[in-house]
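Visitor: What follows is a structure written as structure tokens; I'll ask about it next.
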Amino acid sequence: MANFLVTGAAGFIGYHVASKLVDRGDRVVGIDSLNDYYSVQLKNDRLAQLNGRDGFVFQELDVADDAGLQKLCSQERPDVVIHLAAQAGVRYSLENPGAYVQSNLVGFANILEACRHHQVKHLVYASSSSVYGANTKMPFSVHDNVDHPVSLYAASKKANELMAHTYSHLYQLPTTGLRFFTVYGPWGRPDMALFKFTEAILAGQPIDVYNHGEMQRDFTYIDDIVEGVIRTADRVATANTAWSGVTPDPGTSSAPYRIYNIGNNQPVELMRLIEVLEQSLGCTAQKNMLPIQPGDVPATFADVDDLIRDVGFQPKTPIEEGVQRFVDWYRDYHRR
């Protein structure tokens, strides 16, 4: 049994990760700020599924609260930190950049300091496929340069990877960054396309379809994300002994530092997602075709070869199965 600290435990991915860890017998200390970026009720409802379970304890805490975080780590002494708390969303970063600086940069610096000073054995943290930014070479590989973000959210996630590398190099803190690709499934976020589409279609409202539908996303089902998170958490990051500063590999290092993509490795056309959703709901969507939004990219596609090689896992849930599971949960949760 390991002692885990999971930040963002009331969030979409954090809730599912904490639940899986408790299921297998680990002890989990979950923290979350419970901010109102989206429904606090949904966050509390996720927590209600965890509270009272053996091995799980929760504390309301913002990772930007350095003193509170240091105190918690001093008391709980986590072996592994899975850092999933962040200000999410590409479009919101255009409206409220300060929230991203505070949570994703200040908060991440506090996490690194807590791990450094409290002998954490492994830090696993959420990065994002958005770091690939203006890259057009497909599929996106962790061994490609990612120096051209197109949103502040993406820049904050790239910064996290750089900050983590510094601590891996200076303090030999093992860190693993996970670039998630368009996560969806039960208990999902209301600001994500699948949730918004479902809500609008059932209400008889039109859905906003960006770039006139000419979009592809590597939609990745939540159970596959969780499996990837936990498998990488169990495999402590190590140095790449073949790493060379002459031809530096962005995905590894001479320090105990690793980056992985977690994606379905099978991009889906946005119009195909809508078609599958219509079939699952038994309703036809009214479509409001719009240009691409600032900060968006037209396509994502994950190269997961490193994930397969190192932890023996490849996400594989087909979109038809994943969307149906989401719709079943949505109807049950909202009694629709």
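Identifiers in the structure tokens: chain A, B, ... in order shown; residue index from 1 per chain; ligand index from 1 in order shown.
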Counting only C-alpha atoms, what is within 9 Å of region 131-141 of chain A, bar same-chain residues fewer than 3 positions away, as a PyMOL selection string?

Guide: chain A and resi 127-128+144-151+153-158+179+251+260-261+265+295-297+299-305

Visitor: Let me see the file: selected residues, C-alpha atoms, as a PDB file, in the first residue's frame.

Guide:
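out.pdb, freshly written:
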ATOM      1  CA  SER A 127       0.423  18.278 -18.936  1.00  0.00           C
ATOM      2  CA  SER A 128      -1.697  18.573 -22.075  1.00  0.00           C
ATOM      3  CA  ASP A 144       9.311  16.631 -30.995  1.00  0.00           C
ATOM      4  CA  ASN A 145      10.089  20.204 -30.002  1.00  0.00           C
ATOM      5  CA  VAL A 146       7.080  22.025 -28.508  1.00  0.00           C
ATOM      6  CA  ASP A 147       8.129  25.657 -28.339  1.00  0.00           C
ATOM      7  CA  HIS A 148       5.183  27.255 -30.149  1.00  0.00           C
ATOM      8  CA  PRO A 149       2.096  27.227 -27.876  1.00  0.00           C
ATOM      9  CA  VAL A 150      -0.992  29.043 -29.183  1.00  0.00           C
ATOM     10  CA  SER A 151      -2.771  29.675 -25.856  1.00  0.00           C
ATOM     11  CA  TYR A 153      -3.103  27.457 -21.056  1.00  0.00           C
ATOM     12  CA  ALA A 154      -0.721  25.583 -23.361  1.00  0.00           C
ATOM     13  CA  ALA A 155       2.165  27.842 -22.357  1.00  0.00           C
ATOM     14  CA  SER A 156       1.466  27.175 -18.675  1.00  0.00           C
ATOM     15  CA  LYS A 157       1.584  23.415 -19.266  1.00  0.00           C
ATOM     16  CA  LYS A 158       4.834  23.688 -21.232  1.00  0.00           C
ATOM     17  CA  ARG A 179       0.103  14.971 -21.991  1.00  0.00           C
ATOM     18  CA  GLY A 251      10.874  13.585 -23.961  1.00  0.00           C
ATOM     19  CA  TYR A 260       4.343  10.595 -22.085  1.00  0.00           C
ATOM     20  CA  ASN A 261       1.353  11.121 -24.333  1.00  0.00           C
ATOM     21  CA  ASN A 265      -3.898   7.101 -31.059  1.00  0.00           C
ATOM     22  CA  GLY A 295      -6.108  29.322 -29.255  1.00  0.00           C
ATOM     23  CA  ASP A 296      -7.640  26.213 -30.865  1.00  0.00           C
ATOM     24  CA  VAL A 297      -5.812  23.816 -33.163  1.00  0.00           C
ATOM     25  CA  ALA A 299      -6.233  18.459 -35.111  1.00  0.00           C
ATOM     26  CA  THR A 300      -4.584  16.352 -32.398  1.00  0.00           C
ATOM     27  CA  PHE A 301      -3.141  12.851 -32.725  1.00  0.00           C
ATOM     28  CA  ALA A 302      -1.078  11.098 -30.041  1.00  0.00           C
ATOM     29  CA  ASP A 303       2.000   8.959 -30.645  1.00  0.00           C
ATOM     30  CA  VAL A 304       1.860   6.538 -27.690  1.00  0.00           C
ATOM     31  CA  ASP A 305       4.816   4.305 -28.557  1.00  0.00           C
TER      32      ASP A 305
END

Visitor: Mind checking which residues fall within 12 Å of Phe195 (chain A), counting only C-alpha atoms, ignoring those fewer than 6 positions away in the same chain, and posting them as a PyMOL selection string?

Guide: chain A and resi 183-189+201-202+207+273-274+277+323+326-327+329-331+334

Visitor: Going by DSSP on the backbone, which bits of region 90-277 of chain A are strand (DSSP E)? Write them as a PyMOL selection string, please.

Guide: chain A and resi 122-128+175-180+183-184+207-209+216-217+220-221+257-262+268-269

Visitor: Of the candidates A:Ile230, A:Val209, A:Val80, A:Cys73, which one gets nearest to Leu21 (chain A) if we count only C-alpha atoms?

Guide: A:Ile230

Visitor: Could you state the separation of CA of Leu173 (chain A) and CA of Pro315 (chain A) in Å, given to one decimal place?

Guide: 27.6 Å

Visitor: If you measure from CA of Tyr15 (chain A) to CA of Asn44 (chain A), what distance in Å do you get, rounded to one decimal?

Guide: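 Here the two named atoms are 10.4 Å from each other.
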
Visitor: Could you give me, as a PyMOL selection string, the residues within 12 Å of Glu227 (chain A), counting only C-alpha atoms and dropping anything in the same chain fewer than 5 positions from it?

Guide: chain A and resi 13+16-21+220-222+232-234+262-263+307+311-317

Visitor: For those residues, write C-alpha atoms to a file as a compact mmCIF listing (two decimals), in the first residue's frame.

Guide:
# COMPACT_ATOMS: atom_id res chain seq x y z
CA ILE A 13 -9.68 13.07 -13.81
CA HIS A 16 -11.48 8.86 -11.17
CA VAL A 17 -7.79 8.43 -10.29
CA ALA A 18 -8.46 8.67 -6.55
CA SER A 19 -11.30 6.15 -6.85
CA LYS A 20 -9.13 3.63 -8.71
CA LEU A 21 -6.30 3.96 -6.20
CA THR A 220 -9.50 9.50 -24.98
CA TYR A 221 -11.88 7.73 -22.62
CA ILE A 222 -11.45 8.44 -18.91
CA THR A 232 3.18 5.65 -14.94
CA ALA A 233 2.88 6.59 -11.24
CA ASP A 234 3.93 3.06 -10.32
CA ILE A 262 -1.86 9.47 -23.17
CA GLY A 263 -4.20 9.46 -26.15
CA LEU A 307 3.76 4.61 -23.19
CA VAL A 311 4.34 0.64 -19.10
CA GLY A 312 2.77 -1.87 -21.48
CA PHE A 313 -0.45 0.04 -22.01
CA GLN A 314 -2.28 1.60 -24.94
CA PRO A 315 -5.64 3.43 -24.68
CA LYS A 316 -8.17 1.62 -26.83
CA THR A 317 -11.79 2.45 -25.92

Visitor: Which residues are close to Ser74 (chain A), i.e. within 10 Å by only C-alpha atoms, leaving aside same-chain residues fewer than 2 positions away? Reply as a list in words.

Guide: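 Counting only C-alpha atoms, the residues come to Gly68, Leu69, Gln70, Lys71, Leu72, Glu76, Arg77, Pro78, Ala114, His117, His118 and Gln119 of chain A.
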
Visitor: Can you spit out the residues from that selection as a PDB file, in the first residue's frame, using C-alpha atoms?

Guide:
ATOM      1  CA  GLY A  68      -1.135  25.055   3.674  1.00  0.00           C
ATOM      2  CA  LEU A  69       0.399  22.663   1.152  1.00  0.00           C
ATOM      3  CA  GLN A  70       3.681  22.402   3.043  1.00  0.00           C
ATOM      4  CA  LYS A  71       1.816  21.728   6.296  1.00  0.00           C
ATOM      5  CA  LEU A  72      -0.291  19.017   4.665  1.00  0.00           C
ATOM      6  CA  GLU A  76       0.692  13.194   5.566  1.00  0.00           C
ATOM      7  CA  ARG A  77       4.150  12.341   4.136  1.00  0.00           C
ATOM      8  CA  PRO A  78       2.960  11.179   0.695  1.00  0.00           C
ATOM      9  CA  ALA A 114       6.611  20.386  -1.326  1.00  0.00           C
ATOM     10  CA  HIS A 117      11.272  19.143   0.985  1.00  0.00           C
ATOM     11  CA  HIS A 118       9.185  16.114   1.973  1.00  0.00           C
ATOM     12  CA  GLN A 119      11.076  13.299   0.240  1.00  0.00           C
TER      13      GLN A 119
END

Visitor: Could you check how far CA of Tyr92 (chain A) sits from CA of Leu105 (chain A), in Å to one decimal?

Guide: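 We find that CA of Tyr92 (chain A) and CA of Leu105 (chain A) lie 16.1 Å from each other.
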
Visitor: So which bits of region 63-236 of chain A end up helix (DSSP H, G or I) when you DSSP the backbone, as number ranges by chain?

Guide: A: 66-76, 92-95, 97-117, 129-132, 152-171, 193-202, 210-213, 222-234

Visitor: Considering only C-alpha atoms, can you say which of A:Thr252, A:Gln216, A:Asn160, A:Asn104 comes closest to Gly89 (chain A)?

Guide: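 Checking each candidate against Gly89 (chain A), we get A:Asn104 as the closest.
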